[in-house]
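Structure below is work_33.txt: compact mmCIF, C-alpha atoms and all ligand atoms.
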# COMPACT_ATOMS: atom_id res chain seq x y z
CA MET G 163 -63.84 -18.53 44.79
CA SER G 164 -60.60 -20.44 45.21
CA THR G 165 -59.14 -20.84 48.66
CA THR G 166 -55.91 -18.99 49.35
CA THR G 167 -54.05 -17.97 52.42
CA GLN G 168 -53.58 -14.30 53.02
CA HIS G 169 -50.21 -13.14 51.82
CA THR G 170 -48.24 -10.74 53.90
CA ALA G 171 -48.73 -7.15 52.87
CA HIS G 172 -45.60 -5.07 53.27
CA ALA G 173 -45.35 -1.90 55.29
CA ALA G 174 -46.09 1.27 53.40
CA GLY G 175 -43.37 3.81 52.78
CA THR G 176 -41.35 3.54 49.58
CA GLU G 177 -44.15 2.86 47.10
CA PRO G 178 -44.21 5.22 44.12
CA GLY G 179 -47.19 7.58 43.89
CA ILE G 180 -49.77 7.28 41.14
CA GLU G 181 -48.30 10.24 39.17
CA THR G 182 -44.82 8.68 39.25
CA ILE G 183 -46.32 5.43 37.97
CA ARG G 184 -48.42 7.21 35.34
CA SER G 185 -45.42 9.01 33.89
CA PHE G 186 -43.38 5.78 33.79
CA PRO G 187 -43.22 4.38 30.20
CA LYS G 188 -45.31 1.21 30.58
CA VAL G 189 -46.12 -1.81 28.43
CA GLU G 190 -49.39 -3.72 28.59
CA LEU G 191 -50.00 -7.22 27.18
CA HIS G 192 -53.47 -8.13 28.44
CA VAL G 193 -56.14 -5.59 27.55
CA HIS G 194 -59.33 -6.10 25.51
CA VAL G 195 -60.26 -3.43 22.98
CA GLU G 196 -64.02 -4.01 23.52
CA ALA G 197 -63.51 -3.22 27.22
CA CYS G 198 -62.02 0.18 26.36
CA LEU G 199 -65.50 1.47 25.46
CA SER G 200 -66.83 4.00 28.01
CA SER G 201 -70.35 3.81 29.45
CA GLU G 202 -70.99 7.28 27.93
CA ARG G 203 -70.10 6.00 24.45
CA ILE G 204 -72.27 2.92 25.04
CA GLU G 205 -75.21 5.19 25.91
CA GLU G 206 -74.57 7.22 22.75
CA LEU G 207 -74.47 4.10 20.55
CA ALA G 208 -77.58 2.63 22.22
CA ALA G 209 -79.46 5.88 21.47
CA GLU G 210 -78.16 5.92 17.87
CA PHE G 211 -79.41 2.37 17.22
CA GLY G 212 -82.60 2.70 19.29
CA VAL G 213 -81.53 -0.04 21.72
CA PRO G 214 -82.78 0.30 25.32
CA MET G 215 -79.97 0.32 27.90
CA LEU G 216 -79.56 -3.03 29.64
CA ARG G 217 -79.51 -1.09 32.90
CA PRO G 218 -78.61 2.51 33.81
CA ALA G 219 -75.13 3.60 32.66
CA GLU G 220 -74.10 4.21 36.31
CA SER G 221 -74.54 0.53 37.18
CA LEU G 222 -73.82 -1.03 33.77
CA PHE G 223 -70.29 -2.01 34.80
CA ASP G 224 -71.25 -3.63 38.13
CA TYR G 225 -70.80 -7.41 38.15
CA SER G 226 -69.79 -10.11 40.59
CA THR G 227 -68.96 -13.15 38.46
CA LEU G 228 -67.14 -13.82 35.19
CA ALA G 229 -70.36 -15.18 33.65
CA ASP G 230 -72.23 -11.98 34.54
CA PHE G 231 -69.38 -9.83 33.21
CA LEU G 232 -69.23 -11.72 29.92
CA ALA G 233 -73.02 -11.49 29.47
CA VAL G 234 -72.90 -7.69 29.85
CA TYR G 235 -69.80 -7.59 27.59
CA GLU G 236 -71.76 -9.39 24.89
CA TRP G 237 -74.63 -6.93 25.30
CA TRP G 238 -72.60 -3.76 24.76
CA CYS G 239 -70.50 -5.31 22.00
CA ASP G 240 -73.69 -5.77 20.00
CA LEU G 241 -73.68 -1.97 19.64
CA LEU G 242 -70.33 -2.06 17.80
CA ARG G 243 -72.01 -2.31 14.41
CA THR G 244 -69.82 -0.61 11.82
CA GLU G 245 -66.21 -0.42 10.68
CA VAL G 246 -66.23 3.31 11.48
CA ILE G 247 -67.15 2.50 15.09
CA ALA G 248 -64.41 -0.14 15.24
CA GLU G 249 -61.77 2.23 13.83
CA GLN G 250 -62.72 4.94 16.32
CA LEU G 251 -62.79 2.49 19.25
CA ALA G 252 -59.22 1.41 18.44
CA TYR G 253 -58.13 5.04 18.12
CA ASP G 254 -59.75 5.98 21.43
CA ALA G 255 -58.26 2.94 23.17
CA ALA G 256 -54.72 3.90 22.05
CA ALA G 257 -55.35 7.48 23.22
CA GLN G 258 -56.59 6.24 26.64
CA LEU G 259 -53.58 3.98 27.02
CA ASN G 260 -51.26 6.85 26.10
CA GLU G 261 -52.90 9.07 28.71
CA ASP G 262 -52.09 6.39 31.28
CA GLY G 263 -48.43 6.40 30.21
CA ILE G 264 -48.52 3.19 28.18
CA VAL G 265 -46.10 3.40 25.28
CA TYR G 266 -46.68 -0.05 23.78
CA ALA G 267 -49.59 -2.48 24.12
CA GLU G 268 -50.72 -5.74 22.58
CA VAL G 269 -54.49 -5.44 22.48
CA LEU G 270 -56.89 -8.39 22.28
CA CYS G 271 -59.97 -8.24 20.04
CA GLY G 272 -62.63 -10.96 19.95
CA PRO G 273 -64.36 -11.21 16.53
CA ARG G 274 -67.05 -13.40 18.13
CA TYR G 275 -68.23 -10.30 20.03
CA TRP G 276 -68.80 -8.34 16.79
CA PRO G 277 -71.80 -10.11 15.19
CA HIS G 278 -72.46 -7.23 12.75
CA LEU G 279 -69.02 -7.32 11.10
CA ARG G 280 -67.08 -9.96 9.25
CA ARG G 281 -63.79 -10.70 11.01
CA GLU G 282 -61.55 -9.47 8.17
CA PRO G 283 -62.93 -5.90 7.83
CA LEU G 284 -63.17 -5.75 11.63
CA ILE G 285 -59.48 -6.52 12.14
CA GLU G 286 -58.51 -4.18 9.30
CA ALA G 287 -60.59 -1.36 10.81
CA LEU G 288 -59.03 -1.84 14.25
CA ALA G 289 -55.53 -1.86 12.73
CA THR G 290 -56.35 1.35 10.80
CA GLY G 291 -57.49 3.00 14.05
CA PHE G 292 -54.27 1.97 15.77
CA ASP G 293 -52.21 3.26 12.80
CA ARG G 294 -53.94 6.65 12.96
CA ALA G 295 -53.54 6.83 16.75
CA HIS G 296 -49.84 6.01 16.57
CA ARG G 297 -49.32 8.69 13.91
CA ASP G 298 -50.97 11.14 16.34
CA GLY G 299 -48.48 10.20 19.09
CA HIS G 300 -50.68 7.80 21.09
CA ALA G 301 -49.69 4.32 22.29
CA ASP G 302 -48.20 1.97 19.71
CA CYS G 303 -50.64 -0.97 19.69
CA GLY G 304 -50.17 -4.46 18.30
CA LEU G 305 -53.30 -6.51 17.78
CA THR G 306 -54.00 -10.01 19.11
CA PRO G 307 -57.21 -11.47 17.65
CA SER G 308 -58.71 -13.80 20.21
CA ILE G 309 -60.76 -16.93 19.50
CA SER G 310 -63.68 -17.57 21.87
CA ARG G 311 -63.49 -21.02 23.40
CA GLU G 312 -66.98 -21.91 22.13
CA GLN G 313 -66.01 -21.23 18.51
CA SER G 314 -65.14 -24.05 16.12
CA PRO G 315 -61.57 -25.01 15.20
CA GLU G 316 -62.58 -24.60 11.52
CA TRP G 317 -63.57 -20.99 12.13
CA ALA G 318 -60.35 -20.40 14.05
CA MET G 319 -58.20 -22.00 11.33
CA GLY G 320 -59.87 -19.74 8.73
CA LEU G 321 -58.93 -16.74 10.85
CA VAL G 322 -55.31 -17.82 11.21
CA GLU G 323 -54.91 -18.60 7.49
CA TRP G 324 -56.29 -15.17 6.59
CA LEU G 325 -54.03 -13.45 9.14
CA GLY G 326 -51.03 -15.25 7.63
CA ALA G 327 -51.99 -14.51 4.02
CA SER G 328 -53.22 -10.94 4.24
CA GLY G 329 -53.77 -9.78 7.81
CA PRO G 330 -52.55 -6.28 8.70
CA PRO G 331 -48.95 -6.08 10.01
CA ARG G 332 -50.22 -4.81 13.38
CA VAL G 333 -51.42 -8.35 14.16
CA VAL G 334 -48.70 -9.91 16.30
CA GLY G 335 -50.31 -12.89 18.00
CA LEU G 336 -53.25 -15.17 18.59
CA GLY G 337 -55.38 -15.34 21.76
CA LEU G 338 -58.15 -17.48 23.22
CA ASP G 339 -60.70 -16.49 25.84
CA GLY G 340 -64.05 -17.36 27.34
CA ASN G 341 -65.49 -19.02 30.40
CA GLU G 342 -63.69 -22.32 30.98
CA GLU G 343 -65.81 -23.09 34.03
CA LEU G 344 -68.89 -23.24 31.78
CA LEU G 345 -67.26 -24.62 28.62
CA GLY G 346 -64.94 -27.25 30.06
CA ARG G 347 -61.59 -28.36 28.62
CA THR G 348 -61.58 -26.66 25.23
CA SER G 349 -57.83 -26.23 24.60
CA PRO G 350 -57.35 -29.59 22.78
CA LYS G 351 -59.67 -28.61 19.92
CA PHE G 352 -57.37 -25.71 18.97
CA THR G 353 -54.08 -27.65 18.83
CA GLU G 354 -53.72 -27.48 15.03
CA VAL G 355 -54.84 -23.85 14.93
CA TYR G 356 -52.13 -22.82 17.40
CA ALA G 357 -49.50 -24.89 15.62
CA ARG G 358 -50.37 -23.17 12.34
CA ALA G 359 -50.28 -19.74 14.03
CA ALA G 360 -46.76 -20.50 15.29
CA ASP G 361 -45.68 -21.67 11.79
CA LEU G 362 -46.90 -18.33 10.44
CA GLY G 363 -44.82 -16.43 13.01
CA PHE G 364 -47.57 -15.34 15.41
CA GLY G 365 -47.11 -15.30 19.20
CA ARG G 366 -49.35 -17.61 21.21
CA THR G 367 -51.32 -16.60 24.28
CA ALA G 368 -54.57 -17.84 25.86
CA HIS G 369 -56.78 -17.13 28.86
CA ALA G 370 -56.42 -20.01 31.31
CA GLY G 371 -56.19 -20.50 35.06
CA GLU G 372 -58.85 -17.87 35.78
CA SER G 373 -62.17 -19.73 35.52
CA SER G 374 -60.22 -23.00 35.36
CA GLY G 375 -57.77 -24.25 37.96
CA PRO G 376 -54.17 -25.32 37.33
CA GLU G 377 -55.42 -28.16 35.09
CA GLY G 378 -56.66 -25.51 32.63
CA VAL G 379 -53.16 -24.00 32.49
CA TRP G 380 -51.56 -27.44 32.03
CA ASP G 381 -54.05 -28.18 29.22
CA ALA G 382 -53.34 -24.90 27.45
CA LEU G 383 -49.57 -25.37 27.70
CA GLU G 384 -49.69 -28.97 26.51
CA HIS G 385 -52.06 -28.45 23.58
CA LEU G 386 -51.37 -24.87 22.50
CA HIS G 387 -47.63 -24.53 23.31
CA LEU G 388 -48.15 -21.04 24.67
CA ASP G 389 -45.52 -18.33 24.88
CA ARG G 390 -47.52 -16.69 27.65
CA VAL G 391 -50.78 -17.11 29.59
CA ASP G 392 -53.46 -14.48 30.21
CA HIS G 393 -54.32 -14.73 33.94
CA GLY G 394 -52.83 -18.12 34.87
CA VAL G 395 -53.12 -17.05 38.50
CA ARG G 396 -54.54 -20.35 39.73
CA SER G 397 -51.17 -21.91 38.87
CA ILE G 398 -50.35 -20.89 42.44
CA GLU G 399 -52.31 -23.97 43.56
CA ASP G 400 -49.87 -26.41 41.89
CA PRO G 401 -46.16 -26.28 42.85
CA ALA G 402 -45.15 -28.50 39.90
CA LEU G 403 -46.83 -26.06 37.52
CA LEU G 404 -45.05 -23.10 39.14
CA GLU G 405 -41.75 -24.88 38.66
CA HIS G 406 -42.61 -25.58 35.01
CA LEU G 407 -43.62 -21.96 34.31
CA ALA G 408 -40.44 -20.67 35.95
CA GLU G 409 -38.16 -23.16 34.17
CA GLN G 410 -39.75 -22.63 30.76
CA GLU G 411 -39.97 -18.85 31.33
CA ILE G 412 -43.65 -18.75 30.43
CA THR G 413 -45.04 -15.33 31.31
CA LEU G 414 -48.32 -14.86 33.19
CA ASN G 415 -50.17 -11.66 32.27
CA VAL G 416 -51.98 -11.07 35.55
CA THR G 417 -54.83 -8.62 36.17
CA PRO G 418 -55.33 -8.17 39.93
CA THR G 419 -58.49 -6.02 40.11
CA SER G 420 -60.24 -7.97 37.34
CA ASN G 421 -59.71 -11.15 39.37
CA VAL G 422 -61.16 -9.43 42.45
CA ILE G 423 -64.20 -8.16 40.51
CA THR G 424 -65.01 -11.61 39.11
CA GLY G 425 -64.80 -13.07 42.62
CA LEU G 426 -61.57 -15.04 42.35
CA TYR G 427 -59.94 -13.28 45.32
CA PRO G 428 -61.48 -11.02 47.97
CA ASP G 429 -58.99 -8.17 47.43
CA VAL G 430 -55.57 -7.37 45.96
CA ASP G 431 -53.84 -8.34 49.25
CA HIS G 432 -55.10 -11.90 48.73
CA HIS G 433 -54.09 -11.99 45.05
CA PRO G 434 -51.21 -14.40 44.31
CA VAL G 435 -49.19 -11.90 42.25
CA GLY G 436 -46.48 -11.67 44.95
CA PRO G 437 -46.13 -15.43 45.57
CA LEU G 438 -46.07 -16.10 41.80
CA ILE G 439 -43.12 -13.73 41.43
CA GLU G 440 -41.43 -15.25 44.51
CA ALA G 441 -41.78 -18.67 42.83
CA GLY G 442 -39.70 -17.35 39.91
CA VAL G 443 -42.56 -17.13 37.40
CA PRO G 444 -42.26 -14.20 34.95
CA VAL G 445 -45.28 -12.04 35.77
CA THR G 446 -46.57 -8.87 34.10
CA ILE G 447 -49.19 -6.46 35.47
CA ASN G 448 -52.23 -5.64 33.31
CA SER G 449 -55.64 -3.99 33.39
CA ASP G 450 -57.67 -6.54 31.33
CA ASP G 451 -60.82 -4.42 30.94
CA PRO G 452 -60.02 -0.75 31.64
CA LYS G 453 -63.35 1.07 31.16
CA ALA G 454 -65.53 -1.99 31.80
CA MET G 455 -63.87 -2.61 35.17
CA LYS G 456 -63.03 1.03 35.94
CA VAL G 457 -59.30 0.35 36.19
CA THR G 458 -56.10 1.68 34.67
CA LEU G 459 -52.73 0.01 34.39
CA SER G 460 -51.23 2.74 36.60
CA GLY G 461 -53.92 2.01 39.19
CA GLU G 462 -53.07 -1.70 39.04
CA PHE G 463 -49.38 -0.94 39.58
CA ALA G 464 -50.27 1.36 42.49
CA ALA G 465 -52.45 -1.34 44.12
CA VAL G 466 -49.75 -4.00 43.73
CA SER G 467 -47.08 -1.58 44.96
CA ARG G 468 -49.17 -0.81 48.06
CA SER G 469 -49.82 -4.48 48.73
CA LEU G 470 -46.29 -5.75 48.15
CA GLY G 471 -44.24 -2.70 49.11
CA TRP G 472 -42.92 -2.24 45.58
CA SER G 473 -40.55 0.57 44.69
CA LEU G 474 -40.28 2.11 41.22
CA ALA G 475 -37.51 -0.43 40.52
CA ASP G 476 -40.12 -3.21 40.87
CA VAL G 477 -42.45 -1.38 38.45
CA ALA G 478 -39.50 -1.11 36.05
CA ALA G 479 -38.70 -4.83 36.45
CA ALA G 480 -42.32 -5.82 35.67
CA THR G 481 -42.24 -3.52 32.64
CA ARG G 482 -39.03 -5.16 31.42
CA ARG G 483 -40.67 -8.59 31.79
CA ALA G 484 -43.55 -7.31 29.63
CA VAL G 485 -41.08 -6.11 26.97
CA ASP G 486 -39.35 -9.50 27.04
CA ALA G 487 -42.70 -11.32 26.62
CA ALA G 488 -44.02 -8.97 23.91
CA PHE G 489 -44.60 -10.37 20.41
CA CYS G 490 -42.93 -7.36 18.77
CA ASP G 491 -39.64 -7.52 16.85
CA GLN G 492 -36.26 -7.20 18.56
CA GLU G 493 -35.71 -3.66 17.37
CA LYS G 494 -38.93 -2.46 19.03
CA ALA G 495 -38.14 -4.42 22.21
CA ALA G 496 -34.67 -2.83 22.37
CA SER G 497 -36.19 0.61 21.91
CA LEU G 498 -38.72 -0.05 24.74
CA HIS G 499 -35.91 -1.17 27.07
CA ARG G 500 -34.05 2.04 26.18
CA GLN G 501 -37.13 4.12 27.03
CA VAL G 502 -37.21 2.51 30.48
CA ASP G 503 -33.45 3.11 30.94
CA ASP G 504 -33.73 6.75 29.85
CA HIS G 505 -36.68 7.41 32.12
CA LEU G 506 -34.92 5.93 35.16
CA ARG G 507 -31.75 7.89 34.34
CA ASP G 508 -33.70 11.15 34.05
CA LEU G 509 -35.35 10.49 37.42
CA THR G 510 -32.06 9.93 39.24
CA ARG G 511 -30.34 12.92 37.62
CA GLU G 512 -30.00 15.68 40.20
CA PRO G 513 -32.35 18.57 39.45
CA ALA G 514 -30.37 21.63 38.35
CA GLY G 515 -30.83 23.96 41.33
CA LYS G 516 -29.46 27.48 41.62
CA ASP G 517 -26.53 26.19 43.72
CA HIS G 518 -25.12 24.54 40.57
CA HIS G 519 -25.30 27.75 38.51
CA PRO G 520 -23.49 30.48 40.44
N1 LIG J 1 -62.99 -11.91 27.65
C1 LIG J 1 -62.80 -10.65 28.08
N2 LIG J 1 -62.36 -10.62 29.35
C2 LIG J 1 -62.27 -11.93 29.73
C3 LIG J 1 -61.88 -12.57 30.93
N3 LIG J 1 -61.49 -11.87 31.99
N4 LIG J 1 -61.90 -13.90 30.96
C4 LIG J 1 -62.29 -14.62 29.91
N5 LIG J 1 -62.67 -14.08 28.76
C5 LIG J 1 -62.67 -12.74 28.66
ZN ZN J 2 -58.68 -10.92 29.55
Kindly present the structure from the file in structure tokens form.
Amino acid sequence: MSTTTQHTAHAAGTEPGIETIRSFPKVELHVHVEACLSSERIEELAAEFGVPMLRPAESLFDYSTLADFLAVYEWWCDLLRTEVIAEQLAYDAAAQLNEDGIVYAEVLCGPRYWPHLRREPLIEALATGFDRAHRDGHADCGLTPSISREQSPEWAMGLVEWLGASGPPRVVGLGLDGNEELLGRTSPKFTEVYARAADLGFGRTAHAGESSGPEGVWDALEHLHLDRVDHGVRSIEDPALLEHLAEQEITLNVTPTSNVITGLYPDVDHHPVGPLIEAGVPVTINSDDPKAMKVTLSGEFAAVSRSLGWSLADVAAATRRAVDAAFCDQEKAASLHRQVDDHLRDLTREPAGKDHHP
């Protein structure tokens, strides 16, 4: 656990309620599709394939370290064995996000966690599920395939070349994740891969500054030329890095409860989300692993609002930062900004009471 001072929690009073947050049109940039699988669905798949449960469903999602979490993650992902399962998982994820009031998301998928499927049919199946979900009115989801840090640069380059040549249009960016504490400084080996992804027009993001300290964020920025960072929270320990992130407008996609669950901070009141924003760093709020960590984006906004005394205007500002950092085209970004504007306008419009209609 990193050492932090406790940040001042603001007095309660003006924070929006969970229903107000849920009905707000939100955007999420850091959410893993594999972590949108419910424990009930995992039990169903385990029964279908005759695999004994790792532990009872009620305690399956209890962990205390990132290493423990990723080991369990790998276990349940082994049950994701067919393209039909992948397509349905993507569909269900977009439906879940929609239920939580998310209108647009960029969803990470890690081919390394799908040992039964080749990466190309996997990504196509996920994109097909997102297409079907969007047609049915659920969240509009872009896809961000994510390299695992232990994978080879050759494997990763093959992925990027395929995405550029014939990947589905829903793929908007490239990600990188894994346990940096265990794997060490792995960003340099992906320099060429990230450069090629940028040449092909993909956005660049990577997990860093979660299981690594600020040096992991510096490494990722230097070698991968990131547009945004997933987590990046330990940047708070390096004032020069904070200044760099603010100056270069590099967005941190933070995930407060996930960081608490993996033992980085004792609770949301000790999370550096507030000080990062005060330092001028563009910060977005995210769920990371909704089902697998029993969180929702609305719940994350509610927790941050409670801790920092946020009003709905702060929720709107964080949403606008997410739109600005999204890898979608300008037309979609403009439409998302309009949705936020319209929602805020509708909320401030006086309700038509009988006094106005004599
Ligand atoms: N893969 C899925 N969730 C992750 C996390 N929080 N950190 C690193 N890799 C991950
Ligand atoms: Zn993540």
- Query: Suppose you want the space between atom C4 of ligand LIG 1 (chain J) and CA of Leu338 (chain G); what is it in Å?
  - Reply: 8.4 Å
- Task: Work out how far apart CA of Glu372 (chain G) and CA of Gln410 (chain G) are and give it in Å to one decimal.
- Result: 20.3 Å
- Message: Every residue with an atom at most 9 Å from (-47.9, -7.8, 48.0) (file coordinates; only C-alpha atoms) is what I'm after, so could you write them as a ChimeraX atom specification?
- Response: /G:169-172,430-437,465-472
- So which residues are near ligand ZN 2 (chain J), meaning at most 10 Å away with only C-alpha atoms and all ligand atoms counted, given back as a list in words?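 Checking only C-alpha atoms and all ligand atoms against ligand ZN 2 (chain J) at 10 Å gives Leu191, His192, Val193, His194, Ala197, Val269, Leu270, Cys271, Ser308, Gly337, Leu338, Asp339, Gly340, Ala368, His369, Ala370, Glu372, Asp392, His393, Asn415, Val416, Thr417, Ser420, Asn421, Asn448, Ser449, Asp450 and Asp451 of chain G.
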With a distance cut-off of 7 Å and only C-alpha atoms, select the neighbouring residues of region 316-332 of chain G, excluding the residue or stretch itself and same-chain residues fewer than 2 positions from it, and output the selection as a PDB file with C-alpha atoms, keeping the file's coordinate frame.
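This went into result04.pdb:
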ATOM      1  CA  GLU G 286     -58.510  -4.180   9.300  1.00  0.00           C
ATOM      2  CA  ALA G 289     -55.530  -1.860  12.730  1.00  0.00           C
ATOM      3  CA  GLY G 304     -50.170  -4.460  18.300  1.00  0.00           C
ATOM      4  CA  LEU G 305     -53.300  -6.510  17.780  1.00  0.00           C
ATOM      5  CA  ILE G 309     -60.760 -16.930  19.500  1.00  0.00           C
ATOM      6  CA  GLN G 313     -66.010 -21.230  18.510  1.00  0.00           C
ATOM      7  CA  SER G 314     -65.140 -24.050  16.120  1.00  0.00           C
ATOM      8  CA  VAL G 334     -48.700  -9.910  16.300  1.00  0.00           C
ATOM      9  CA  VAL G 355     -54.840 -23.850  14.930  1.00  0.00           C
ATOM     10  CA  ALA G 359     -50.280 -19.740  14.030  1.00  0.00           C
ATOM     11  CA  LEU G 362     -46.900 -18.330  10.440  1.00  0.00           C
TER      12      LEU G 362
END
Given 8 Å of margin on each side, can you work out the centre and size in Å (one decimal) of an axis-aligned box holding every listed atom of ligand LIG 1 (chain J), as JSON?
{"center_x": -62.2, "center_y": -12.6, "center_z": 29.8, "size_x": 17.5, "size_y": 20.0, "size_z": 20.3}
- Excluding Ala487 (chain G) and any residue of its chain fewer than 3 positions from it, enumerate the residues within 10 Å of it, using all atoms listed in the file, and give them as a list in words.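 With the cut-off at 10 Å, the set is Leu191, Gly365, Asp389, Arg390, Glu411, Ile412, Thr413, Leu414, Asn415, Pro444, Val445, Thr446, Thr481, Arg482, Arg483, Ala484, Cys490 and Ala495 of chain G.
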- Query: Closest to ligand LIG 1 (chain J) among G:Pro452, G:Pro214, G:Gly263, G:Pro428, using all atoms listed in the file?
  - Reply: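 Closest residue, counting all atoms listed in the file: G:Pro452.
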- Item | Pick from G:Ala248, G:Thr348, G:Leu241, G:Glu493, whichever lies nearest to Glu210 (chain G) using all atoms listed in the file |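 The answer is G:Leu241, which sits nearest to Glu210 (chain G).
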- Message: Applying 7 Å and all atoms listed in the file, which residues near Cys239 (chain G) remain after dropping the ones on its own chain fewer than 5 positions away? List them as a VMD selection string.
- Response: chain G and resid 196 275 to 276
- To one decimal place, how far is CA of Leu222 (chain G) from CA of Glu249 (chain G) in Å?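 Pair CA of Leu222 (chain G) / CA of Glu249 (chain G) returns 23.5 Å.
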- Query: Which one of G:Asp381, G:Glu177, G:Glu245, G:Asp503 sits closest to Pro283 (chain G) if you count only C-alpha atoms?
  - Reply: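 Comparing G:Asp381, G:Glu177, G:Glu245, G:Asp503 against Pro283 (chain G), the winner is G:Glu245.
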- Message: I need the residue nearest Leu509 (chain G) from this list: G:Glu190, G:Glu236, G:Thr353, G:Thr182. Use only C-alpha atoms for the distance.
- Response: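 For Leu509 (chain G), the nearest of the given residues is G:Thr182.
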- Message: Residues near Glu384 (chain G), anyone? I mean within 12 Å using all atoms listed in the file, not counting same-chain ones fewer than 2 positions away, as JSON, numbers by chain.
- Response: {"G": [349, 350, 351, 352, 353, 356, 357, 377, 378, 379, 380, 381, 382, 386, 387, 388, 389, 403, 406]}
- Using only C-alpha atoms, pick whichever of G:Thr419, G:Ser473, G:Ser185, G:Ser373 has the shortest atom-to-atom distance to Val265 (chain G). G:Ser185
- Message: Which residue is closest to ligand LIG 1 (chain J)? Choose from G:Arg243, G:Arg511, G:Arg294, G:Lys453 and count only C-alpha atoms and all ligand atoms.
- Response: G:Lys453
